[in-house]
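Encoded as structure tokens, the structure appears first; notes follow it.
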Amino acid sequence: MPPRSTPTERQKRLGAELRKMRNDAGETTDFAARLLGVDRTKIANMEAGVRVISPERVRTLACNYDCRDTAYIDALVAMAEGNKGWWETFRGHIPAGLLDIIELEWHSTVVRAGAFLHVPGLLQTEGYMRAVAKAALPSLSPHEIELRVALRMQRLQVLYRESPIDHVAYIHEAALRMEFGGVKVMRGQLDRLCEVGHQDNVLVRVLPFSSGGFPGAGQAMSYNKGIVSQLDTVQLGSAHGPSFTHAPAQLDKYRSQLDWMENASLGASESRDFISALTSA
């Protein structure tokens, strides 16, 4: 199969999992190449995510690497099937990293987000999204802003589809008081948080200023639980775009940070009351 021009984060993750599986089995790239009847360069490209690998070859490798975790193998096979998502219509018009976030969320079961200066993306209103896009540097053109808003609005469907994800958002008080778009837009955003917090699959928790200092302060992040635990991924936000990590030590660190937020934040009903008070202030 031909190589890809630029692999998505999901494609790179599949390659990384195949490489890990091979290393865990104590096998070499030469062994994998002989097994599939290709040269070792193609194996390296498959493990880097830049060359397509068929679902059948994923099963062949897993079998010969003596992997017996059927749920994990099935998840990797699903990644290899490479079904195109709705977000692909935006490719070439929107930075690839933003599409990687959406694809990651789409294939997650639970998303736990920690937000300190912005409301988490999955809970934003259209007006708030537009205000955040207008604050970007370098400035975006009106066309680019509307493209990003359209993408973000479609992104919200993971909360409402037939099998929606569970979403837990820990939002710092600073983010609730940051007036993106002005008072009217922010009031609409706060009302939205109160409304969505009543959904069975959404939990909004507020970290008040009184909670003091906390680990990971200032860095927005989300912990995305995969269909199997081996595919958990943390996505970190930054001014130059998102980054992703799935190293076990890093996953453990960010789980600990979110657990701290869980313990330090207000309860669900208290959080709704807190947000409602801000709308009438």
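Identifiers for the structure tokens are assigned positionally: chains receive A, B, ... in sequence, residues are indexed from 1 per chain, and ligands are indexed from 1 in the order shown.
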
Selection: 8 Å around Ser238 in chain A, only C-alpha atoms, excl. self and same-chain fewer than 3 positions, as an mmCIF file with N, CA, C and O atoms, in the first residue's frame:
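Output saved as around.cif:
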data_model
loop_
_atom_site.group_PDB
_atom_site.id
_atom_site.type_symbol
_atom_site.label_atom_id
_atom_site.label_comp_id
_atom_site.auth_asym_id
_atom_site.auth_seq_id
_atom_site.Cartn_x
_atom_site.Cartn_y
_atom_site.Cartn_z
ATOM 1 N N GLN A 219 -2.375 25.036 32.487
ATOM 2 C CA GLN A 219 -2.257 24.205 31.286
ATOM 3 C C GLN A 219 -3.559 23.441 31.051
ATOM 4 O O GLN A 219 -3.916 22.556 31.801
ATOM 5 N N ALA A 220 -4.272 23.830 29.994
ATOM 6 C CA ALA A 220 -5.508 23.119 29.651
ATOM 7 C C ALA A 220 -5.157 21.733 29.131
ATOM 8 O O ALA A 220 -4.208 21.568 28.370
ATOM 9 N N GLY A 241 -0.526 24.976 19.097
ATOM 10 C CA GLY A 241 -1.336 23.836 18.680
ATOM 11 C C GLY A 241 -1.303 22.725 19.704
ATOM 12 O O GLY A 241 -0.524 22.765 20.669
ATOM 13 N N PRO A 242 -2.131 21.695 19.524
ATOM 14 C CA PRO A 242 -2.224 20.620 20.506
ATOM 15 C C PRO A 242 -1.044 19.664 20.442
ATOM 16 O O PRO A 242 -0.393 19.521 19.408
ATOM 17 N N SER A 243 -0.769 19.039 21.570
ATOM 18 C CA SER A 243 0.203 17.950 21.608
ATOM 19 C C SER A 243 -0.465 16.773 22.301
ATOM 20 O O SER A 243 -1.427 16.935 23.056
#

Write down as a ChimeraX atom specification the residues of range 127-275 of chain A whose backbone DSSP state falls under helix (DSSP H, G or I).
/A:127-134,142-159,173-177,182-196,209-211,229-231,248-264,268-275

Give me, as an mmCIF file with N, CA and C atoms, in the first residue's frame, all polymer residues having an atom no more than 10 Å from Val183 in chain A, counting only C-alpha atoms and skipping those fewer than 6 positions away in the same chain.
data_model
loop_
_atom_site.group_PDB
_atom_site.id
_atom_site.type_symbol
_atom_site.label_atom_id
_atom_site.label_comp_id
_atom_site.auth_asym_id
_atom_site.auth_seq_id
_atom_site.Cartn_x
_atom_site.Cartn_y
_atom_site.Cartn_z
ATOM 1 N N ARG A 177 -14.922 33.740 34.705
ATOM 2 C CA ARG A 177 -14.950 35.200 34.822
ATOM 3 C C ARG A 177 -14.260 35.896 33.646
ATOM 4 N N GLN A 189 -22.869 31.831 27.738
ATOM 5 C CA GLN A 189 -21.991 30.685 27.967
ATOM 6 C C GLN A 189 -22.218 30.084 29.356
ATOM 7 N N THR A 279 -24.104 34.553 36.768
ATOM 8 C CA THR A 279 -24.940 35.128 35.710
ATOM 9 C C THR A 279 -25.783 36.290 36.214
#

Can you work out which one of A:Ala264, A:Val185, A:Ala96, A:Met79 has the shortest atom-to-atom distance to Ile171 in chain A, counting only C-alpha atoms?
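Ranked by minimum distance to Ile171 in chain A, first place goes to A:Ala264.
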
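Minimum atom-to-atom distance to Pro248 in chain A, evaluated using only C-alpha atoms, belongs to A:Val234 out of A:Leu122, A:Ala62, A:Val234, A:Met261.
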
Compare A:Val149, A:Gly212, A:Gly237, A:Asp232 by their minimum atom-to-atom distance to Tyr72 in chain A, counting only C-alpha atoms, and give me the closest one.
A:Asp232

Which of these, A:Glu270, A:Asp30, A:Glu144, A:Glu17, has the shortest distance to Gly197 in chain A once you count only C-alpha atoms?
A:Glu270

Contact residues around Ala33 in chain A with only C-alpha atoms at 7 Å, ignoring same-chain residues under 6 positions, as a CSV table (one decimal) with N, CA, C and O atoms, in the first residue's frame:
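This is the output file selection14.csv:
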chain,number,residue,atom,x,y,z
A,39,ASP,N,10.0,-5.3,2.7
A,39,ASP,CA,11.3,-4.9,3.3
A,39,ASP,C,11.2,-4.2,4.6
A,39,ASP,O,10.1,-3.7,4.9
A,40,ARG,N,12.3,-4.2,5.4
A,40,ARG,CA,12.2,-3.6,6.7
A,40,ARG,C,11.9,-2.1,6.8
A,40,ARG,O,11.3,-1.6,7.7
A,43,ILE,N,8.2,-1.7,7.2
A,43,ILE,CA,7.8,-2.0,8.6
A,43,ILE,C,8.0,-0.7,9.4
A,43,ILE,O,7.2,-0.3,10.2

As a PyMOL selection string, list the residues of range 61-253 of chain A assigned to strand (DSSP E or B) by DSSP on the backbone atoms of this structure.
chain A and resi 91+94+110-115+166-172+202-207+221-225+233-236+243-245

Please list as a PyMOL selection string every residue within 9 Å of range 125-137 of chain A, counting only C-alpha atoms and excluding residues in the same chain fewer than 4 positions away.
chain A and resi 118-119+121+141-142+144-146+148-150+152-153+180-182+185-186+188-189+192+239

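Proximity ranking of A:Glu173, A:Asp200, A:Asp166, A:Asp252 relative to Ala113 in chain A places A:Asp166 first, based on only C-alpha atoms.
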
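Considering only C-alpha atoms, the residue among A:Phe244, A:Tyr223, A:Phe31, A:Trp260 positioned nearest to Arg112 in chain A is A:Tyr223.
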
List the spatial neighbours of Leu190 in chain A as a count of residues only - criterion: any atom at most 8 Å away, only C-alpha atoms, same-chain residues fewer than 5 positions off excluded.
5
